[in-house]
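Visitor: Below you'll find input.txt; it's compact mmCIF, C-alpha atoms.
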# COMPACT_ATOMS: atom_id res chain seq x y z
CA MET A 1 8.67 -27.38 -29.62
CA ALA A 2 8.32 -29.05 -26.21
CA THR A 3 10.98 -28.31 -23.61
CA ARG A 4 12.94 -31.37 -22.58
CA PRO A 5 12.39 -32.12 -18.90
CA GLY A 6 15.36 -31.87 -16.56
CA PRO A 7 17.08 -34.99 -15.20
CA ASN A 8 15.06 -37.01 -12.69
CA LEU A 9 16.06 -39.37 -9.92
CA SER A 10 15.99 -42.34 -12.29
CA ARG A 11 18.60 -40.81 -14.57
CA ILE A 12 20.90 -40.06 -11.63
CA ALA A 13 20.41 -43.59 -10.29
CA ALA A 14 21.13 -45.17 -13.69
CA SER A 15 24.30 -43.17 -14.17
CA LEU A 16 25.66 -44.41 -10.84
CA GLY A 17 24.22 -47.92 -10.87
CA VAL A 18 22.22 -47.44 -7.67
CA SER A 19 18.52 -47.54 -6.85
CA VAL A 20 16.18 -44.57 -7.08
CA ALA A 21 15.46 -44.97 -3.35
CA THR A 22 19.17 -44.61 -2.59
CA VAL A 23 19.37 -41.41 -4.64
CA SER A 24 16.25 -40.02 -2.94
CA ASN A 25 17.60 -40.82 0.52
CA ALA A 26 20.97 -39.28 -0.27
CA LEU A 27 19.48 -36.04 -1.57
CA SER A 28 16.98 -35.73 1.29
CA GLY A 29 19.41 -36.75 4.04
CA LYS A 30 17.33 -39.76 5.03
CA GLY A 31 18.08 -43.46 5.24
CA ARG A 32 21.42 -45.22 5.60
CA VAL A 33 23.67 -44.06 2.79
CA SER A 34 27.43 -43.84 3.22
CA ALA A 35 28.98 -40.36 3.27
CA GLU A 36 31.09 -41.27 0.22
CA LEU A 37 28.05 -42.33 -1.82
CA VAL A 38 26.06 -39.29 -0.71
CA GLU A 39 28.87 -37.09 -1.99
CA ARG A 40 28.96 -38.94 -5.34
CA ILE A 41 25.19 -38.75 -5.76
CA ARG A 42 25.03 -35.04 -4.97
CA ALA A 43 27.95 -34.31 -7.28
CA THR A 44 26.24 -36.22 -10.08
CA ALA A 45 22.94 -34.42 -9.43
CA ASN A 46 24.70 -31.06 -9.62
CA ALA A 47 26.55 -32.02 -12.78
CA LEU A 48 23.29 -33.09 -14.45
CA GLY A 49 21.48 -29.95 -13.34
CA TYR A 50 18.94 -31.80 -11.19
CA VAL A 51 16.26 -29.57 -9.61
CA PRO A 52 14.07 -31.15 -6.89
CA SER A 53 10.39 -31.34 -7.80
CA GLN A 54 8.25 -29.25 -5.48
CA ALA A 55 5.27 -31.44 -6.32
CA GLY A 56 7.22 -34.55 -5.39
CA ARG A 57 8.43 -32.93 -2.22
CA ALA A 58 4.86 -32.06 -1.28
CA LEU A 59 3.74 -35.66 -1.80
CA ARG A 60 6.59 -37.03 0.32
CA THR A 61 6.46 -34.53 3.17
CA GLY A 62 2.97 -33.06 3.06
CA ARG A 63 4.59 -29.62 2.66
CA SER A 64 4.69 -27.27 -0.31
CA GLY A 65 8.17 -25.83 0.19
CA VAL A 66 6.69 -22.35 -0.15
CA LEU A 67 6.48 -19.54 2.41
CA GLY A 68 4.19 -16.52 2.34
CA LEU A 69 5.38 -12.96 2.92
CA VAL A 70 2.87 -10.21 3.72
CA LEU A 71 4.14 -6.62 3.50
CA PRO A 72 2.24 -3.49 4.55
CA ASP A 73 3.15 -1.27 1.58
CA ILE A 74 5.26 -2.48 -1.32
CA SER A 75 5.45 1.08 -2.69
CA ASN A 76 7.57 2.08 0.30
CA PRO A 77 11.24 1.59 -0.78
CA LEU A 78 12.02 -0.12 2.54
CA PHE A 79 9.82 -3.15 1.94
CA PRO A 80 11.35 -4.37 -1.35
CA GLN A 81 14.65 -4.46 0.55
CA ILE A 82 13.02 -6.58 3.24
CA ALA A 83 11.47 -8.84 0.60
CA GLN A 84 14.83 -9.37 -1.09
CA ALA A 85 16.50 -10.34 2.20
CA ILE A 86 13.65 -12.72 3.09
CA GLU A 87 13.66 -14.35 -0.36
CA TYR A 88 17.40 -14.94 -0.20
CA SER A 89 17.32 -16.51 3.28
CA ALA A 90 14.33 -18.64 2.30
CA SER A 91 16.06 -19.90 -0.87
CA VAL A 92 19.13 -20.89 1.15
CA ALA A 93 16.79 -22.90 3.39
CA GLY A 94 15.23 -24.53 0.33
CA TYR A 95 11.95 -22.60 0.25
CA GLY A 96 10.28 -20.37 -2.31
CA VAL A 97 8.38 -17.22 -1.35
CA LEU A 98 5.01 -15.81 -2.42
CA ILE A 99 4.62 -12.08 -1.69
CA ALA A 100 1.39 -10.22 -0.90
CA ASP A 101 0.83 -6.51 -0.26
CA SER A 102 -1.75 -5.35 2.31
CA ARG A 103 -1.46 -1.72 1.10
CA GLY A 104 -1.66 -0.55 4.71
CA ASP A 105 -5.27 -1.72 5.08
CA VAL A 106 -6.38 -4.12 7.83
CA GLY A 107 -9.03 -5.77 5.63
CA MET A 108 -6.59 -6.25 2.76
CA GLN A 109 -4.03 -7.69 5.19
CA THR A 110 -6.56 -10.35 6.18
CA GLU A 111 -7.35 -11.04 2.50
CA ALA A 112 -3.66 -11.32 1.65
CA ILE A 113 -3.12 -13.83 4.46
CA ASN A 114 -6.12 -15.88 3.33
CA ARG A 115 -4.93 -15.95 -0.29
CA LEU A 116 -1.55 -17.30 0.77
CA ILE A 117 -3.16 -19.92 3.00
CA GLU A 118 -5.31 -21.05 0.05
CA ARG A 119 -2.13 -21.50 -1.98
CA GLY A 120 -0.85 -23.96 0.60
CA VAL A 121 2.11 -22.10 2.09
CA ASP A 122 3.90 -23.98 4.86
CA GLY A 123 4.43 -20.87 6.96
CA MET A 124 4.27 -17.12 6.78
CA ILE A 125 6.37 -14.04 7.51
CA ILE A 126 4.23 -11.00 8.25
CA VAL A 127 5.28 -7.38 8.57
CA PRO A 128 1.98 -6.24 10.08
CA ARG A 129 0.02 -3.17 9.24
CA ARG A 130 0.56 -0.72 12.09
CA GLY A 131 -1.20 -1.55 15.34
CA THR A 132 -2.57 -4.94 14.23
CA ARG A 133 -2.29 -8.29 16.01
CA ILE A 134 -1.95 -11.49 14.01
CA ALA A 135 -4.66 -14.05 14.81
CA ASP A 136 -4.36 -17.82 14.37
CA ILE A 137 -4.15 -18.46 10.63
CA GLY A 138 -3.51 -22.19 10.65
CA CYS A 139 0.24 -22.25 10.02
CA PRO A 140 3.42 -21.08 11.78
CA VAL A 141 3.92 -17.30 11.57
CA ALA A 142 7.05 -15.20 12.05
CA VAL A 143 6.29 -11.55 12.80
CA ILE A 144 8.77 -8.78 11.95
CA ASP A 145 7.69 -5.54 13.62
CA THR A 146 9.33 -4.19 16.78
CA PRO A 147 10.35 -5.77 20.11
CA SER A 148 7.47 -4.08 21.94
CA THR A 149 4.87 -5.75 19.68
CA PRO A 150 3.26 -8.81 21.35
CA GLY A 151 4.22 -11.94 19.43
CA ASN A 152 7.13 -10.28 17.61
CA THR A 153 9.62 -12.88 16.37
CA VAL A 154 12.61 -10.73 15.47
CA SER A 155 13.15 -7.16 14.32
CA ALA A 156 15.49 -4.24 14.41
CA ASP A 157 15.92 -2.71 17.86
CA HIS A 158 14.09 0.51 17.02
CA TRP A 159 14.36 1.90 20.56
CA GLN A 160 18.15 1.42 20.50
CA GLY A 161 18.22 3.11 17.09
CA GLY A 162 16.43 6.11 18.54
CA ARG A 163 18.92 6.34 21.38
CA GLU A 164 21.80 6.30 18.89
CA ILE A 165 20.29 9.20 16.94
CA ALA A 166 19.84 11.13 20.21
CA LYS A 167 23.44 10.51 21.27
CA HIS A 168 24.66 11.74 17.88
CA LEU A 169 22.61 14.95 17.97
CA ALA A 170 23.48 15.66 21.61
CA TRP A 171 27.18 15.18 20.84
CA LEU A 172 26.85 17.75 18.03
CA GLY A 173 25.41 20.23 20.53
CA HIS A 174 21.70 20.28 19.70
CA ARG A 175 19.47 21.28 22.61
CA LYS A 176 16.08 21.72 20.90
CA VAL A 177 14.99 18.85 18.66
CA LEU A 178 11.77 18.31 16.70
CA LEU A 179 10.80 14.64 16.31
CA ILE A 180 8.84 13.92 13.13
CA GLY A 181 6.54 10.88 12.94
CA ALA A 182 3.79 9.88 10.54
CA ASN A 183 1.19 8.18 12.71
CA PRO A 184 0.95 7.75 16.51
CA GLY A 185 -0.63 4.30 16.02
CA SER A 186 2.62 2.78 14.71
CA ASN A 187 4.52 0.63 17.21
CA VAL A 188 7.74 1.03 15.23
CA GLN A 189 7.47 4.82 15.10
CA ASN A 190 6.59 5.07 18.78
CA ASP A 191 9.58 2.93 19.71
CA ARG A 192 11.90 5.07 17.61
CA ILE A 193 10.54 8.27 19.11
CA GLY A 194 10.63 6.79 22.60
CA GLY A 195 14.26 5.81 22.11
CA ILE A 196 15.19 9.30 20.92
CA LYS A 197 13.53 10.89 23.93
CA ALA A 198 15.21 8.42 26.29
CA GLY A 199 18.59 9.14 24.71
CA PHE A 200 18.51 12.83 25.62
CA ASP A 201 19.15 14.21 29.06
CA SER A 202 16.97 16.87 30.70
CA ALA A 203 18.97 19.68 29.06
CA VAL A 204 17.49 18.82 25.65
CA GLN A 205 13.98 19.99 24.76
CA THR A 206 11.97 17.80 22.39
CA GLU A 207 8.62 18.11 20.66
CA VAL A 208 6.79 15.55 18.49
CA LEU A 209 5.13 16.47 15.20
CA TRP A 210 2.75 13.88 13.70
CA ILE A 211 2.42 14.32 9.93
CA GLU A 212 -0.98 12.61 9.60
CA LYS A 213 -2.52 14.94 12.18
CA ILE A 214 -1.31 17.99 10.25
CA GLU A 215 -2.49 16.54 6.93
CA ASP A 216 -5.92 15.78 8.41
CA GLN A 217 -6.26 19.53 9.02
CA ASN A 218 -4.48 20.95 5.98
CA GLY A 219 -4.57 18.24 3.30
CA GLY A 220 -2.11 15.67 2.04
CA GLY A 221 1.33 16.92 1.09
CA CYS A 222 0.88 20.23 2.94
CA LEU A 223 3.76 22.14 4.48
CA LEU A 224 4.65 20.96 7.96
CA GLY A 225 5.63 24.38 9.28
CA LEU A 226 9.29 23.45 9.74
CA ALA A 227 10.65 26.89 8.82
CA GLU A 228 8.59 28.35 11.64
CA LYS A 229 9.96 25.68 13.98
CA ALA A 230 13.48 26.68 12.98
CA THR A 231 12.78 30.31 13.91
CA GLU A 232 11.47 29.04 17.27
CA GLY A 233 14.93 27.63 17.96
CA PHE A 234 14.71 24.01 16.84
CA THR A 235 18.10 23.10 15.41
CA ALA A 236 17.58 19.42 14.63
CA PHE A 237 14.74 17.58 12.89
CA ALA A 238 14.81 13.84 13.67
CA ALA A 239 12.39 11.91 11.45
CA VAL A 240 11.29 8.31 12.05
CA SER A 241 11.99 7.34 8.43
CA ASP A 242 14.12 8.52 5.52
CA LEU A 243 10.93 9.29 3.57
CA HIS A 244 9.85 11.81 6.19
CA ALA A 245 13.41 13.09 6.56
CA LEU A 246 13.50 13.82 2.81
CA ARG A 247 10.23 15.74 3.13
CA ALA A 248 11.69 17.75 6.00
CA LEU A 249 14.93 18.36 4.12
CA THR A 250 13.08 19.61 1.04
CA GLU A 251 10.78 21.93 3.00
CA LEU A 252 13.65 23.46 4.96
CA GLN A 253 15.81 24.00 1.88
CA ARG A 254 12.96 25.63 -0.02
CA ALA A 255 12.57 28.03 2.90
CA GLY A 256 16.24 28.99 2.54
CA ILE A 257 17.37 27.14 5.68
CA ASN A 258 20.74 25.55 5.10
CA VAL A 259 21.19 21.90 6.05
CA PRO A 260 23.44 21.23 7.93
CA GLY A 261 24.77 24.82 8.22
CA CYS A 262 21.76 26.02 10.22
CA VAL A 263 19.85 22.89 11.19
CA SER A 264 20.35 19.13 11.02
CA VAL A 265 18.03 16.45 9.58
CA THR A 266 18.20 12.74 10.36
CA GLY A 267 16.18 9.71 9.32
CA PHE A 268 15.79 5.95 9.72
CA ASP A 269 16.16 2.92 7.39
CA ASP A 270 19.02 4.00 5.07
CA LEU A 271 16.94 3.73 1.91
CA ILE A 272 18.70 3.26 -1.41
CA TRP A 273 18.62 6.97 -2.30
CA SER A 274 19.68 8.27 1.15
CA PRO A 275 23.40 8.49 0.27
CA VAL A 276 22.75 10.41 -2.98
CA VAL A 277 20.36 13.20 -1.93
CA THR A 278 21.91 16.60 -1.23
CA PRO A 279 23.06 16.70 1.47
CA ALA A 280 23.44 12.94 1.97
CA LEU A 281 21.23 11.79 4.80
CA THR A 282 22.39 10.78 8.27
CA THR A 283 20.26 7.80 9.23
CA MET A 284 19.93 4.49 11.10
CA ARG A 285 20.47 1.29 9.12
CA MET A 286 18.67 -1.99 9.79
CA ASP A 287 20.62 -5.24 9.41
CA MET A 288 17.95 -6.83 7.21
CA ASP A 289 20.11 -9.79 6.21
CA THR A 290 20.49 -10.87 9.84
CA ILE A 291 16.81 -10.21 10.64
CA ALA A 292 15.71 -12.26 7.62
CA GLU A 293 18.09 -15.10 8.45
CA ILE A 294 16.82 -15.31 12.05
CA ALA A 295 13.15 -15.11 11.01
CA ILE A 296 13.47 -17.78 8.31
CA SER A 297 15.53 -20.10 10.54
CA ALA A 298 12.95 -19.89 13.34
CA LEU A 299 10.03 -20.33 10.93
CA VAL A 300 11.55 -23.33 9.12
CA HIS A 301 12.34 -24.94 12.47
CA ALA A 302 8.71 -24.52 13.54
CA ILE A 303 7.45 -25.93 10.22
CA GLU A 304 9.67 -28.99 10.30
CA LYS A 305 9.06 -29.61 14.00
CA GLY A 306 5.28 -29.62 13.43
CA GLU A 307 2.54 -28.94 15.97
CA PRO A 308 3.59 -29.07 19.64
CA GLU A 309 2.35 -32.25 21.31
CA GLU A 310 1.43 -30.37 24.46
CA ALA A 311 0.71 -26.72 25.10
CA SER A 312 0.33 -24.63 28.22
CA ALA A 313 -3.24 -24.43 29.48
CA ASP A 314 -3.14 -20.63 29.30
CA GLU A 315 -1.59 -20.56 25.81
CA THR A 316 -4.00 -19.81 22.95
CA PRO A 317 -3.72 -21.55 19.55
CA SER A 318 -2.64 -18.22 18.07
CA GLU A 319 0.22 -17.90 20.55
CA ARG A 320 1.37 -21.45 19.74
CA ARG A 321 1.48 -20.56 16.04
CA LEU A 322 3.59 -17.41 16.50
CA VAL A 323 7.23 -18.32 16.07
CA THR A 324 9.82 -17.30 18.64
CA ALA A 325 13.54 -16.84 18.03
CA THR A 326 16.51 -17.01 20.38
CA VAL A 327 17.50 -13.50 19.27
CA SER A 328 14.49 -11.19 19.03
CA ARG A 329 16.12 -7.80 18.46
CA VAL A 330 18.96 -6.84 16.13
CA PRO A 331 20.91 -3.61 16.80
CA MET A 332 20.67 -0.76 14.30
CA GLN A 333 23.72 1.03 12.94
CA LEU A 334 24.20 4.80 12.86
CA VAL A 335 25.30 6.04 9.42
CA VAL A 336 26.65 9.58 9.68
CA ARG A 337 26.53 11.65 6.49
CA GLN A 338 26.34 15.32 5.56
CA SER A 339 22.82 16.23 6.76
CA SER A 340 23.83 16.50 10.41
CA GLY A 341 26.25 18.95 12.00
CA PRO A 342 26.57 21.44 14.86
CA PRO A 343 23.66 23.89 15.24
CA GLY A 344 23.95 27.24 13.47
CA PRO A 345 21.91 30.46 13.23
CA ALA A 346 18.49 29.80 11.66
CA LYS A 347 17.81 32.00 8.64
CA THR A 348 15.14 31.79 5.97
CA ASN A 349 14.55 33.52 2.65
CA LEU A 350 10.95 34.23 3.64
CA PRO A 351 9.87 37.76 4.68
CA ASP A 352 8.47 38.23 8.18
CA GLY A 353 4.86 37.09 8.31
CA ASP A 354 5.27 34.72 5.37
CA LEU A 355 6.42 31.69 7.32
CA PRO A 356 4.39 28.59 6.42
CA LYS A 357 1.75 27.75 8.98
Could you quickly redo this structure as structure tokens?
Guide:
Amino acid sequence: MATRPGPNLSRIAASLGVSVATVSNALSGKGRVSAELVERIRATANALGYVPSQAGRALRTGRSGVLGLVLPDISNPLFPQIAQAIEYSASVAGYGVLIADSRGDVGMQTEAINRLIERGVDGMIIVPRRGTRIADIGCPVAVIDTPSTPGNTVSADHWQGGREIAKHLAWLGHRKVLLIGANPGSNVQNDRIGGIKAGFDSAVQTEVLWIEKIEDQNGGGCLLGLAEKATEGFTAFAAVSDLHALRALTELQRAGINVPGCVSVTGFDDLIWSPVVTPALTTMRMDMDTIAEIAISALVHAIEKGEPEEASADETPSERRLVTATVSRVPMQLVVRQSSGPPGPAKTNLPDGDLPK
């Protein structure tokens, strides 16, 4: 059985005794239609369940009403949260969203961008694969990465987040802190680590451990040697993400090192499971709703404004396509839970000589 189509402009016009053009102008905000009639038309459209046709919109405006979103790794629990915030802000602005996953690969990122362009998206939001620059792709682009990334539109203030973690650990009394990152090529991770270092005074000793370097030597999923670091006097383990913080927490607990009784563990991103692990994880939370709202607002403005009539002589086409926002960095929020506390004596349940290397 065929599905009955929803009400169209003609049905709304007939029910009110006005022309289709008047209904179209009232719903699109164009033309000279009195405020009272606009209100009546919109109320009638809502009552009849009218849904604007994307195909019709494309014919009238030359735009599809669809945005593209490219994420670096949809399997990471952070990025579905970002996608949800972007989709909501886009829907409020009247746009749909197509999502593509680059799986952390530069080539696949390029392919994902090209696929979305072929589908006629009006603009794109890209969370770039670490260390990559976005070239001119033929439509306005909003980049969500970190304020130190050239062309970044808006993002969390990762450096400020690092400073907040440092202030928290210093206030607790930690004087020897191991910073845990995944890859030194990540702008976000470097900003977080840089902020942590900058937040400590000279009385605090820090050391950086890069997981990928250790795994290159010892294999994926290997021990990171954190129990040994605890016996060397490190009393806090500050990871650049909750995923890495959970790995640190698990390794320390399996070595018999109490968290937070002996050492503290902190993360970033406040992932959905961070409040329910044992102990609950102290972390930095991104205001994704605000970031998404700013990114979508700037992108939609660029789309509806169209190409700039004039550009600076030293401005490349790529730079003209990258969208700028009035607010480019959004503060992160410290969420204090049970995984951080004052430093205590480091003890393990491993015999001497059996510490993981």
Visitor: Find the distance between atom CA of A:Lys167 and atom CA of A:Gly181 and write it in Å to one decimal.
Guide: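 We find that atom CA of A:Lys167 and atom CA of A:Gly181 lie 18.8 Å from each other.
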Visitor: What does the distance between atom CA of A:Leu69 and atom CA of A:Glu212 come to in Å, to one decimal place?
Guide: 27.2 Å
Visitor: Kindly give the distance, in Å, that separates atom CA of A:Ile117 and atom CA of A:Gly138, rounded to a single decimal.
Guide: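 Atom CA of A:Gly138 lies at a distance of 8.0 Å from atom CA of A:Ile117.
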Visitor: Find the spatial neighbours of A:Asp105, counting all atoms listed in the file, within a cut-off of 12 Å - ignore same-chain residues fewer than 6 positions away - and output them as number ranges by chain.
Guide: A: 70-73, 111-112, 128-132
Visitor: Mind checking which residues fall within 8 Å of A:Ala236, counting only C-alpha atoms, ignoring those fewer than 2 positions away in the same chain, and posting them as a PyMOL selection string?
Guide: chain A and resi 169+174+176-178+234+238+263-266+343
